[in-house]
>>> print(open('work.pdb').read())   # PDB, C-alpha atoms, pLDDT in the B column
ATOM      1  CA  MET A   1     -48.950 -27.895  24.466  1.00 46.00           C
ATOM      2  CA  ASP A   2     -48.634 -27.168  28.131  1.00 45.00           C
ATOM      3  CA  GLY A   3     -49.363 -23.849  29.798  1.00 46.00           C
ATOM      4  CA  GLY A   4     -46.332 -22.223  28.261  1.00 45.00           C
ATOM      5  CA  SER A   5     -43.144 -22.550  30.191  1.00 47.00           C
ATOM      6  CA  LYS A   6     -40.870 -19.551  29.684  1.00 52.00           C
ATOM      7  CA  THR A   7     -37.863 -21.789  30.011  1.00 53.00           C
ATOM      8  CA  SER A   8     -39.005 -24.294  27.392  1.00 50.00           C
ATOM      9  CA  ALA A   9     -36.184 -25.804  25.412  1.00 53.00           C
ATOM     10  CA  ARG A  10     -38.298 -26.065  22.271  1.00 50.00           C
ATOM     11  CA  PRO A  11     -37.514 -23.089  20.050  1.00 47.00           C
ATOM     12  CA  GLU A  12     -40.843 -23.239  18.194  1.00 50.00           C
ATOM     13  CA  LYS A  13     -42.674 -22.539  21.403  1.00 53.00           C
ATOM     14  CA  ASN A  14     -40.749 -19.330  21.977  1.00 52.00           C
ATOM     15  CA  LYS A  15     -40.669 -18.158  18.385  1.00 62.00           C
ATOM     16  CA  GLY A  16     -40.040 -14.438  18.249  1.00 79.00           C
ATOM     17  CA  VAL A  17     -38.637 -14.313  21.741  1.00 92.00           C
ATOM     18  CA  ILE A  18     -34.885 -14.003  21.940  1.00 96.00           C
ATOM     19  CA  ASN A  19     -33.480 -15.941  24.833  1.00 95.00           C
ATOM     20  CA  LEU A  20     -30.307 -14.735  26.502  1.00 95.00           C
ATOM     21  CA  PRO A  21     -29.474 -17.461  29.043  1.00 94.00           C
ATOM     22  CA  ALA A  22     -26.870 -15.212  30.650  1.00 92.00           C
ATOM     23  CA  GLY A  23     -28.955 -12.053  30.362  1.00 93.00           C
ATOM     24  CA  LEU A  24     -27.023  -8.873  29.620  1.00 94.00           C
ATOM     25  CA  LEU A  25     -24.036  -7.650  31.625  1.00 94.00           C
ATOM     26  CA  GLY A  26     -25.595  -5.899  34.587  1.00 91.00           C
ATOM     27  CA  PHE A  27     -28.998  -7.476  33.869  1.00 91.00           C
ATOM     28  CA  GLU A  28     -28.153 -11.126  34.251  1.00 89.00           C
ATOM     29  CA  GLN A  29     -31.639 -12.114  35.397  1.00 88.00           C
ATOM     30  CA  ALA A  30     -33.476 -10.685  32.399  1.00 91.00           C
ATOM     31  CA  ARG A  31     -33.361 -13.544  29.942  1.00 92.00           C
ATOM     32  CA  ASN A  32     -36.223 -13.124  27.511  1.00 94.00           C
ATOM     33  CA  TYR A  33     -36.516 -10.325  24.995  1.00 95.00           C
ATOM     34  CA  ILE A  34     -38.703  -9.304  22.103  1.00 94.00           C
ATOM     35  CA  LEU A  35     -37.154  -7.574  19.136  1.00 94.00           C
ATOM     36  CA  LEU A  36     -39.421  -4.789  17.942  1.00 91.00           C
ATOM     37  CA  GLY A  37     -39.052  -2.676  14.885  1.00 90.00           C
ATOM     38  CA  SER A  38     -40.842  -0.485  12.421  1.00 90.00           C
ATOM     39  CA  GLN A  39     -39.960   0.699   8.949  1.00 92.00           C
ATOM     40  CA  GLU A  40     -39.987   4.236  10.249  1.00 91.00           C
ATOM     41  CA  GLU A  41     -37.311   3.562  12.828  1.00 92.00           C
ATOM     42  CA  ALA A  42     -35.130   1.322  10.654  1.00 92.00           C
ATOM     43  CA  PRO A  43     -32.336   0.384  10.928  1.00 94.00           C
ATOM     44  CA  PHE A  44     -32.781   0.878  14.661  1.00 95.00           C
ATOM     45  CA  MET A  45     -34.819  -1.618  16.619  1.00 95.00           C
ATOM     46  CA  TRP A  46     -35.859  -2.104  20.200  1.00 94.00           C
ATOM     47  CA  LEU A  47     -34.857  -5.059  22.300  1.00 95.00           C
ATOM     48  CA  GLN A  48     -37.521  -5.153  24.948  1.00 93.00           C
ATOM     49  CA  MET A  49     -37.440  -7.248  28.080  1.00 94.00           C
ATOM     50  CA  ALA A  50     -40.322  -9.703  27.869  1.00 91.00           C
ATOM     51  CA  ASP A  51     -40.429 -10.128  31.603  1.00 82.00           C
ATOM     52  CA  GLU A  52     -40.317  -6.485  32.547  1.00 67.00           C
ATOM     53  CA  PRO A  53     -42.010  -4.407  29.820  1.00 52.00           C
ATOM     54  CA  GLY A  54     -40.875  -0.854  29.578  1.00 56.00           C
ATOM     55  CA  LEU A  55     -37.194  -1.592  29.987  1.00 90.00           C
ATOM     56  CA  SER A  56     -35.822  -1.630  26.484  1.00 95.00           C
ATOM     57  CA  PHE A  57     -32.602  -1.186  24.615  1.00 96.00           C
ATOM     58  CA  LEU A  58     -32.198   0.588  21.327  1.00 96.00           C
ATOM     59  CA  VAL A  59     -30.159  -1.711  19.099  1.00 97.00           C
ATOM     60  CA  VAL A  60     -28.853  -1.761  15.576  1.00 97.00           C
ATOM     61  CA  GLU A  61     -27.219  -4.260  13.289  1.00 96.00           C
ATOM     62  CA  PRO A  62     -23.664  -2.933  13.037  1.00 96.00           C
ATOM     63  CA  CYS A  63     -23.365  -3.516   9.276  1.00 94.00           C
ATOM     64  CA  ARG A  64     -25.886  -0.713   8.793  1.00 93.00           C
ATOM     65  CA  VAL A  65     -23.890   1.916  10.636  1.00 92.00           C
ATOM     66  CA  VAL A  66     -20.287   0.795  10.948  1.00 93.00           C
ATOM     67  CA  GLU A  67     -17.707  -0.325   8.416  1.00 92.00           C
ATOM     68  CA  ASN A  68     -15.133  -3.060   9.018  1.00 94.00           C
ATOM     69  CA  TYR A  69     -16.663  -4.309  12.226  1.00 97.00           C
ATOM     70  CA  ASN A  70     -15.441  -7.865  12.648  1.00 97.00           C
ATOM     71  CA  PRO A  71     -15.764  -9.026  16.224  1.00 97.00           C
ATOM     72  CA  ASP A  72     -13.711 -12.159  16.731  1.00 95.00           C
ATOM     73  CA  LEU A  73     -15.853 -14.466  18.843  1.00 95.00           C
ATOM     74  CA  ALA A  74     -14.318 -16.749  21.431  1.00 91.00           C
ATOM     75  CA  ASP A  75     -14.633 -20.454  20.571  1.00 90.00           C
ATOM     76  CA  GLU A  76     -16.793 -21.119  23.569  1.00 89.00           C
ATOM     77  CA  ASP A  77     -19.211 -18.375  22.570  1.00 94.00           C
ATOM     78  CA  VAL A  78     -19.525 -19.851  19.087  1.00 96.00           C
ATOM     79  CA  GLU A  79     -20.140 -23.229  20.685  1.00 94.00           C
ATOM     80  CA  PHE A  80     -22.576 -21.859  23.250  1.00 94.00           C
ATOM     81  CA  LEU A  81     -24.622 -20.263  20.497  1.00 97.00           C
ATOM     82  CA  GLY A  82     -24.402 -23.291  18.205  1.00 97.00           C
ATOM     83  CA  LEU A  83     -23.146 -21.251  15.275  1.00 97.00           C
ATOM     84  CA  SER A  84     -22.058 -23.359  12.300  1.00 95.00           C
ATOM     85  CA  ASN A  85     -21.033 -20.407  10.214  1.00 93.00           C
ATOM     86  CA  PRO A  86     -20.955 -16.593  10.422  1.00 91.00           C
ATOM     87  CA  GLU A  87     -24.238 -16.186   8.531  1.00 94.00           C
ATOM     88  CA  ASP A  88     -26.049 -17.950  11.356  1.00 96.00           C
ATOM     89  CA  ALA A  89     -25.303 -15.020  13.617  1.00 97.00           C
ATOM     90  CA  LEU A  90     -27.408 -11.906  13.982  1.00 97.00           C
ATOM     91  CA  LEU A  91     -25.394  -9.103  15.561  1.00 98.00           C
ATOM     92  CA  LEU A  92     -27.093  -6.405  17.572  1.00 98.00           C
ATOM     93  CA  ASN A  93     -25.215  -3.562  19.201  1.00 98.00           C
ATOM     94  CA  ILE A  94     -26.699  -1.485  21.976  1.00 98.00           C
ATOM     95  CA  VAL A  95     -27.151   2.159  21.086  1.00 97.00           C
ATOM     96  CA  THR A  96     -26.959   5.054  23.536  1.00 96.00           C
ATOM     97  CA  LEU A  97     -28.782   8.332  22.965  1.00 94.00           C
ATOM     98  CA  HIS A  98     -26.743  10.960  24.756  1.00 92.00           C
ATOM     99  CA  GLU A  99     -27.945  14.134  26.434  1.00 89.00           C
ATOM    100  CA  ASP A 100     -26.206  16.242  23.832  1.00 90.00           C
ATOM    101  CA  GLY A 101     -28.048  14.544  20.997  1.00 89.00           C
ATOM    102  CA  SER A 102     -25.178  12.352  19.880  1.00 91.00           C
ATOM    103  CA  VAL A 103     -25.736   8.678  19.159  1.00 94.00           C
ATOM    104  CA  THR A 104     -23.197   5.957  19.872  1.00 96.00           C
ATOM    105  CA  ALA A 105     -23.045   2.178  19.648  1.00 97.00           C
ATOM    106  CA  ASN A 106     -21.263  -0.209  21.978  1.00 98.00           C
ATOM    107  CA  LEU A 107     -18.930  -2.203  19.762  1.00 98.00           C
ATOM    108  CA  LYS A 108     -17.136  -3.829  22.700  1.00 97.00           C
ATOM    109  CA  GLY A 109     -20.066  -5.962  23.760  1.00 98.00           C
ATOM    110  CA  PRO A 110     -22.205  -7.056  20.828  1.00 98.00           C
ATOM    111  CA  ILE A 111     -25.242  -9.209  21.380  1.00 98.00           C
ATOM    112  CA  VAL A 112     -24.877 -12.224  19.132  1.00 98.00           C
ATOM    113  CA  VAL A 113     -28.014 -14.201  18.357  1.00 98.00           C
ATOM    114  CA  ASN A 114     -28.309 -17.500  16.552  1.00 97.00           C
ATOM    115  CA  ARG A 115     -30.903 -16.665  13.872  1.00 96.00           C
ATOM    116  CA  TYR A 116     -32.438 -20.113  13.974  1.00 95.00           C
ATOM    117  CA  THR A 117     -32.627 -20.971  17.655  1.00 95.00           C
ATOM    118  CA  LEU A 118     -33.002 -17.348  18.796  1.00 96.00           C
ATOM    119  CA  VAL A 119     -30.543 -18.024  21.587  1.00 96.00           C
ATOM    120  CA  GLY A 120     -28.187 -15.133  22.160  1.00 97.00           C
ATOM    121  CA  LYS A 121     -25.441 -13.787  24.339  1.00 97.00           C
ATOM    122  CA  GLN A 122     -23.749 -10.471  24.949  1.00 97.00           C
ATOM    123  CA  VAL A 123     -20.154 -11.389  24.172  1.00 97.00           C
ATOM    124  CA  ILE A 124     -16.785  -9.766  24.563  1.00 96.00           C
ATOM    125  CA  PRO A 125     -14.899 -10.471  21.356  1.00 96.00           C
ATOM    126  CA  ARG A 126     -11.249 -11.443  21.452  1.00 93.00           C
ATOM    127  CA  ASN A 127     -10.368  -8.248  19.569  1.00 94.00           C
ATOM    128  CA  VAL A 128     -12.360  -6.070  21.967  1.00 95.00           C
ATOM    129  CA  SER A 129      -9.531  -3.534  22.242  1.00 93.00           C
ATOM    130  CA  ASP A 130      -9.928  -2.731  18.529  1.00 96.00           C
ATOM    131  CA  TYR A 131     -13.375  -1.266  19.087  1.00 97.00           C
ATOM    132  CA  GLY A 132     -15.029   1.500  21.039  1.00 97.00           C
ATOM    133  CA  LEU A 133     -17.565   1.384  23.838  1.00 97.00           C
ATOM    134  CA  GLN A 134     -19.190   4.516  22.464  1.00 97.00           C
ATOM    135  CA  HIS A 135     -18.601   4.414  18.749  1.00 96.00           C
ATOM    136  CA  PRO A 136     -20.217   7.452  17.121  1.00 95.00           C
ATOM    137  CA  ILE A 137     -22.993   6.856  14.663  1.00 93.00           C
ATOM    138  CA  ALA A 138     -23.964   9.530  12.203  1.00 83.00           C
ATOM    139  CA  ALA A 139     -27.481  10.042  13.383  1.00 82.00           C
ATOM    140  CA  ALA A 140     -29.573  12.673  15.031  1.00 76.00           C
ATOM    141  CA  THR A 141     -32.242  12.387  17.621  1.00 75.00           C
ATOM    142  CA  THR A 142     -35.488  13.763  16.345  1.00 64.00           C
ATOM    143  CA  ALA A 143     -37.084  14.756  19.613  1.00 55.00           C
ATOM    144  CA  PRO A 144     -35.887  16.588  22.703  1.00 51.00           C
ATOM    145  CA  MET A 145     -34.637  14.310  25.477  1.00 50.00           C
ATOM    146  CA  ALA A 146     -37.495  13.114  27.630  1.00 48.00           C
TER     147      ALA A 146
ATOM    148  CA  MET B 147      -9.675 -15.401  47.966  1.00 94.00           C
ATOM    149  CA  LEU B 148      -5.965 -16.045  47.889  1.00 94.00           C
ATOM    150  CA  VAL B 149      -3.426 -13.234  48.179  1.00 96.00           C
ATOM    151  CA  LEU B 150       0.092 -14.083  47.118  1.00 95.00           C
ATOM    152  CA  ALA B 151       3.232 -12.005  47.035  1.00 96.00           C
ATOM    153  CA  ARG B 152       5.348 -12.492  43.923  1.00 95.00           C
ATOM    154  CA  LYS B 153       8.597 -10.998  42.748  1.00 95.00           C
ATOM    155  CA  ARG B 154       9.330 -10.157  39.156  1.00 94.00           C
ATOM    156  CA  ASN B 155       9.302 -13.260  36.918  1.00 96.00           C
ATOM    157  CA  GLN B 156       7.615 -15.382  39.503  1.00 96.00           C
ATOM    158  CA  ASN B 157       4.475 -17.311  38.572  1.00 97.00           C
ATOM    159  CA  ILE B 158       1.107 -18.371  39.851  1.00 97.00           C
ATOM    160  CA  VAL B 159      -0.708 -21.391  38.385  1.00 97.00           C
ATOM    161  CA  ILE B 160      -4.473 -21.605  38.489  1.00 96.00           C
ATOM    162  CA  ASP B 161      -6.323 -24.874  37.993  1.00 94.00           C
ATOM    163  CA  GLY B 162      -3.129 -26.402  36.673  1.00 95.00           C
ATOM    164  CA  ARG B 163      -3.513 -24.699  33.312  1.00 95.00           C
ATOM    165  CA  ILE B 164      -3.602 -20.940  33.716  1.00 96.00           C
ATOM    166  CA  ARG B 165      -0.290 -19.329  34.385  1.00 97.00           C
ATOM    167  CA  VAL B 166       0.110 -15.785  35.649  1.00 97.00           C
ATOM    168  CA  ARG B 167       3.542 -14.177  35.676  1.00 97.00           C
ATOM    169  CA  VAL B 168       4.799 -10.826  36.856  1.00 96.00           C
ATOM    170  CA  VAL B 169       6.764  -9.529  33.887  1.00 96.00           C
ATOM    171  CA  ARG B 170       7.630  -6.051  35.068  1.00 96.00           C
ATOM    172  CA  LEU B 171       7.267  -4.206  38.280  1.00 93.00           C
ATOM    173  CA  ASP B 172       7.418  -0.447  38.589  1.00 93.00           C
ATOM    174  CA  ARG B 173       6.254   1.746  41.397  1.00 92.00           C
ATOM    175  CA  GLN B 174       2.865   2.393  39.798  1.00 94.00           C
ATOM    176  CA  VAL B 175       2.381  -0.403  37.322  1.00 95.00           C
ATOM    177  CA  VAL B 176       2.777  -4.139  37.284  1.00 94.00           C
ATOM    178  CA  LYS B 177       2.907  -5.879  33.930  1.00 95.00           C
ATOM    179  CA  ILE B 178       1.315  -9.308  34.057  1.00 96.00           C
ATOM    180  CA  ALA B 179       1.505 -12.116  31.521  1.00 97.00           C
ATOM    181  CA  VAL B 180      -1.399 -14.565  31.485  1.00 96.00           C
ATOM    182  CA  GLU B 181      -1.078 -17.852  29.673  1.00 96.00           C
ATOM    183  CA  ALA B 182      -4.358 -19.703  29.400  1.00 93.00           C
ATOM    184  CA  PRO B 183      -6.081 -22.119  27.041  1.00 90.00           C
ATOM    185  CA  ARG B 184      -7.901 -20.353  24.235  1.00 81.00           C
ATOM    186  CA  SER B 185     -11.201 -21.405  25.738  1.00 79.00           C
ATOM    187  CA  ILE B 186     -10.666 -19.189  28.734  1.00 84.00           C
ATOM    188  CA  PRO B 187     -11.394 -15.514  28.151  1.00 83.00           C
ATOM    189  CA  VAL B 188      -9.058 -13.120  29.930  1.00 89.00           C
ATOM    190  CA  PHE B 189      -9.888  -9.430  30.073  1.00 89.00           C
ATOM    191  CA  ARG B 190      -9.182  -6.426  32.211  1.00 91.00           C
ATOM    192  CA  LEU B 191     -11.946  -6.000  34.777  1.00 92.00           C
ATOM    193  CA  GLU B 192     -12.770  -2.582  33.339  1.00 93.00           C
ATOM    194  CA  ILE B 193     -14.121  -4.178  30.166  1.00 95.00           C
ATOM    195  CA  TYR B 194     -16.859  -5.939  32.091  1.00 95.00           C
ATOM    196  CA  GLU B 195     -17.571  -2.913  34.230  1.00 96.00           C
ATOM    197  CA  ASP B 196     -17.626  -0.546  31.260  1.00 97.00           C
ATOM    198  CA  ILE B 197     -20.080  -2.711  29.345  1.00 97.00           C
ATOM    199  CA  GLN B 198     -22.253  -3.083  32.424  1.00 96.00           C
ATOM    200  CA  LYS B 199     -22.329   0.647  32.942  1.00 97.00           C
ATOM    201  CA  ASN B 200     -23.016   1.230  29.278  1.00 97.00           C
ATOM    202  CA  ASN B 201     -25.900  -1.258  29.378  1.00 97.00           C
ATOM    203  CA  HIS B 202     -27.366   0.510  32.393  1.00 95.00           C
ATOM    204  CA  SER B 203     -27.207   3.944  30.873  1.00 94.00           C
ATOM    205  CA  ALA B 204     -28.618   2.693  27.578  1.00 96.00           C
ATOM    206  CA  ALA B 205     -31.645   0.978  29.138  1.00 95.00           C
ATOM    207  CA  THR B 206     -34.815   3.000  28.776  1.00 92.00           C
ATOM    208  CA  ARG B 207     -38.205   2.875  30.404  1.00 87.00           C
ATOM    209  CA  GLY B 208     -41.154   4.109  28.440  1.00 71.00           C
ATOM    210  CA  ALA B 209     -41.336   5.367  24.927  1.00 73.00           C
ATOM    211  CA  ARG B 210     -38.442   7.028  23.210  1.00 83.00           C
ATOM    212  CA  LYS B 211     -37.964   7.797  19.572  1.00 88.00           C
ATOM    213  CA  ALA B 212     -35.253   6.105  17.596  1.00 92.00           C
ATOM    214  CA  PRO B 213     -32.824   8.517  15.940  1.00 92.00           C
ATOM    215  CA  ARG B 214     -32.622   9.086  12.202  1.00 89.00           C
ATOM    216  CA  LEU B 215     -29.534   8.188  10.270  1.00 86.00           C
ATOM    217  CA  THR B 216     -27.975  10.944   8.270  1.00 81.00           C
ATOM    218  CA  ARG B 217     -27.906  10.216   4.585  1.00 55.00           C
ATOM    219  CA  LYS B 218     -24.280   9.110   4.285  1.00 58.00           C
ATOM    220  CA  GLN B 219     -24.785   6.121   6.541  1.00 54.00           C
ATOM    221  CA  PHE B 220     -27.682   4.622   4.659  1.00 50.00           C
ATOM    222  CA  ASN B 221     -27.179   1.223   3.107  1.00 53.00           C
ATOM    223  CA  PRO B 222     -26.742   2.012  -0.598  1.00 48.00           C
ATOM    224  CA  THR B 223     -29.208  -0.725  -1.544  1.00 49.00           C
ATOM    225  CA  ASP B 224     -31.944   0.831   0.561  1.00 47.00           C
ATOM    226  CA  THR B 225     -34.829   1.686  -1.737  1.00 45.00           C
ATOM    227  CA  GLN B 226     -36.659   3.912   0.687  1.00 45.00           C
ATOM    228  CA  GLY B 227     -35.526   7.132  -0.951  1.00 44.00           C
ATOM    229  CA  ARG B 228     -35.447   8.905   2.379  1.00 43.00           C
ATOM    230  CA  GLN B 229     -33.869  12.394   2.485  1.00 38.00           C
TER     231      GLN B 229
END
>>> encode(input="work.pdb", output="structure tokens")
Amino acid sequence: MDGGSKTSARPEKNKGVINLPAGLLGFEQARNYILLGSQEEAPFMWLQMADEPGLSFLVVEPCRVVENYNPDLADEDVEFLGLSNPEDALLLNIVTLHEDGSVTANLKGPIVVNRYTLVGKQVIPRNVSDYGLQHPIAAATTAPMA
Amino acid sequence: MLVLARKRNQNIVIDGRIRVRVVRLDRQVVKIAVEAPRSIPVFRLEIYEDIQKNNHSAATRGARKAPRLTRKQFNPTDTQGRQ
């Protein structure tokens, strides 16, 4: 094994690291992320930038907090991610903790990850207008805002 | 950047396969029809900007606590037995 190239094309080498070749909208240069979770925080998880620790996103699988969420992926996104069927895809939606204590999820721009290759992309589904940018989640923050 | 003046029902063709047509023209609003192959995503600019802004405001530095779901939203097959 060589010294560990971050841009290696071999998925085994980067196991556990989610690679977003296009980054996130607004963070196009941040391509590698680690998904962190704990039983205590479930179903929420943290998507942490591997290249700049400390900058993280709270994420959640939408099936845990939203009903009837069926983002219709563009063909080229399905192709880009190498998805053979829907079960191959892990969906993660970015969660915002608001000043007033409310919690919302962005359903307009889900992060779709191929479970096997760990390659992902923040996509805009074809039915984006059916969903909200700040969809309320029934949750409460447990600590005062930092 | 190309700036073209079009009247109602006139068209612009991009790359030989994307067609843009002015459908309606009012004082404040222009209604535009875009015909493109399915492989080409077409969205209002605001979608991209809104998601970008949302990403920026959601990004956190340092430790924050995840929220707790209220009981109703728990997956019914969850065996945690949390209040």
>>> residues_around(input="work.pdb", residues="Ala204 (chain B)", least_positions_apart="6", cutoff="10 Å", atoms="all atoms listed in the file", output="JSON, numbers by chain")
{"A": [55, 56, 57, 58, 59, 94, 95, 96, 97, 98, 104, 105, 106], "B": [198]}
>>> interface_residues(input="work.pdb", of="chain A", to="chain B", cutoff="9 Å", atoms="all atoms listed in the file", output="number ranges by chain")
A: 24-27, 40-46, 53-58, 63-66, 74-76, 94-98, 103, 106, 108-109, 124, 126, 128, 133-134, 137-143, 145-146
>>> closest_residue(input="work.pdb", among="B:Ile178, B:Pro183, B:Leu191, B:Leu171", to="Asn157 (chain B)", atoms="all atoms listed in the file")
B:Ile178
>>> residues_around(input="work.pdb", residues="Val159 (chain B)", least_positions_apart="3", cutoff="10 Å", atoms="all atoms listed in the file", output="PyMOL selection string")
chain B and resi 162-167+180-182
>>> write_last_selection(input="work.pdb", atoms="C-alpha atoms", output="CSV table (one decimal), keeping the file's coordinate frame")
chain,number,residue,atom,x,y,z
B,162,GLY,CA,-3.1,-26.4,36.7
B,163,ARG,CA,-3.5,-24.7,33.3
B,164,ILE,CA,-3.6,-20.9,33.7
B,165,ARG,CA,-0.3,-19.3,34.4
B,166,VAL,CA,0.1,-15.8,35.6
B,167,ARG,CA,3.5,-14.2,35.7
B,180,VAL,CA,-1.4,-14.6,31.5
B,181,GLU,CA,-1.1,-17.9,29.7
B,182,ALA,CA,-4.4,-19.7,29.4
>>> closest_residue(input="work.pdb", among="A:Leu36, A:Gly23, A:Ile18, A:Pro86", to="Gln122 (chain A)", atoms="all atoms listed in the file")
A:Gly23
>>> atom_distance(input="work.pdb", atom1="CA of Asp100 (chain A)", atom2="CA of His135 (chain A)")
15.0 Å
>>> residues_around(input="work.pdb", residues="Asp51 (chain A)", least_positions_apart="6", cutoff="8 Å", atoms="all atoms listed in the file", output="VMD selection string")
chain A and resid 30 32 to 33
>>> resolve_selection(input="work.pdb", expression="the PyMOL selection byres ((chain A and resi 34) around 7)", output="list of chain:residue names")
A:Gly16, A:Val17, A:Ile18, A:Tyr33, A:Leu35, A:Leu36, A:Leu47, A:Gln48, A:Met49, A:Ala50
>>> resolve_selection(input="work.pdb", expression="the PyMOL selection byres ((chain A and resi 88) around 10)", output="PyMOL selection string")
chain A and resi 81-87+89-91+112-117
>>> write_last_selection(input="work.pdb", atoms="C-alpha atoms", output="tab-separated table (two decimals), in the frame of the given file")
chain	number	residue	atom	x	y	z
A	81	LEU	CA	-24.62	-20.26	20.50
A	82	GLY	CA	-24.40	-23.29	18.20
A	83	LEU	CA	-23.15	-21.25	15.28
A	84	SER	CA	-22.06	-23.36	12.30
A	85	ASN	CA	-21.03	-20.41	10.21
A	86	PRO	CA	-20.96	-16.59	10.42
A	87	GLU	CA	-24.24	-16.19	8.53
A	89	ALA	CA	-25.30	-15.02	13.62
A	90	LEU	CA	-27.41	-11.91	13.98
A	91	LEU	CA	-25.39	-9.10	15.56
A	112	VAL	CA	-24.88	-12.22	19.13
A	113	VAL	CA	-28.01	-14.20	18.36
A	114	ASN	CA	-28.31	-17.50	16.55
A	115	ARG	CA	-30.90	-16.66	13.87
A	116	TYR	CA	-32.44	-20.11	13.97
A	117	THR	CA	-32.63	-20.97	17.66
>>> axis_aligned_box(input="work.pdb", around="region 109-114 of chain A", padding_each_side="4 Å", output="JSON")
{"center_x": -24.2, "center_y": -11.7, "center_z": 20.2, "size_x": 16.2, "size_y": 19.5, "size_z": 15.2}
>>> atom_distance(input="work.pdb", atom1="CA of Pro136 (chain A)", atom2="CA of Gly37 (chain A)")
21.5 Å
>>> atom_distance(input="work.pdb", atom1="CA of Ala151 (chain B)", atom2="CA of Val176 (chain B)")
12.5 Å
>>> decode(input="work.pdb", residues="region 177-189 of chain B", atoms="N, CA and C atoms", output="mmCIF file, in the first residue's frame")
data_model
loop_
_atom_site.group_PDB
_atom_site.id
_atom_site.type_symbol
_atom_site.label_atom_id
_atom_site.label_comp_id
_atom_site.auth_asym_id
_atom_site.auth_seq_id
_atom_site.Cartn_x
_atom_site.Cartn_y
_atom_site.Cartn_z
ATOM 1 N N LYS B 177 -42.769 34.305 -18.561
ATOM 2 C CA LYS B 177 -42.944 32.868 -18.408
ATOM 3 C C LYS B 177 -42.126 32.202 -19.504
ATOM 4 N N ILE B 178 -41.240 31.306 -19.070
ATOM 5 C CA ILE B 178 -40.274 30.703 -19.985
ATOM 6 C C ILE B 178 -40.458 29.201 -20.042
ATOM 7 N N ALA B 179 -40.504 28.648 -21.237
ATOM 8 C CA ALA B 179 -40.578 27.202 -21.401
ATOM 9 C C ALA B 179 -39.196 26.704 -21.782
ATOM 10 N N VAL B 180 -38.720 25.669 -21.084
ATOM 11 C CA VAL B 180 -37.415 25.098 -21.408
ATOM 12 C C VAL B 180 -37.608 23.646 -21.822
ATOM 13 N N GLU B 181 -37.183 23.343 -23.032
ATOM 14 C CA GLU B 181 -37.242 21.950 -23.472
ATOM 15 C C GLU B 181 -35.808 21.440 -23.539
ATOM 16 N N ALA B 182 -35.532 20.392 -22.763
ATOM 17 C CA ALA B 182 -34.167 19.884 -22.740
ATOM 18 C C ALA B 182 -34.211 18.370 -22.576
ATOM 19 N N PRO B 183 -33.157 17.684 -22.997
ATOM 20 C CA PRO B 183 -33.110 16.244 -22.752
ATOM 21 C C PRO B 183 -33.202 15.987 -21.248
ATOM 22 N N ARG B 184 -33.736 14.851 -20.902
ATOM 23 C CA ARG B 184 -33.936 14.485 -19.507
ATOM 24 C C ARG B 184 -32.635 14.520 -18.699
ATOM 25 N N SER B 185 -31.538 14.322 -19.399
ATOM 26 C CA SER B 185 -30.252 14.268 -18.708
ATOM 27 C C SER B 185 -29.780 15.638 -18.241
ATOM 28 N N ILE B 186 -30.434 16.656 -18.677
ATOM 29 C CA ILE B 186 -30.008 18.003 -18.308
ATOM 30 C C ILE B 186 -30.942 18.589 -17.254
ATOM 31 N N PRO B 187 -30.420 18.794 -16.053
ATOM 32 C CA PRO B 187 -31.281 19.338 -14.996
ATOM 33 C C PRO B 187 -31.530 20.825 -15.239
ATOM 34 N N VAL B 188 -32.734 21.254 -15.033
ATOM 35 C CA VAL B 188 -33.090 22.661 -15.202
ATOM 36 C C VAL B 188 -33.826 23.113 -13.946
ATOM 37 N N PHE B 189 -33.281 24.074 -13.268
ATOM 38 C CA PHE B 189 -33.915 24.560 -12.033
ATOM 39 C C PHE B 189 -33.831 26.066 -11.974
#
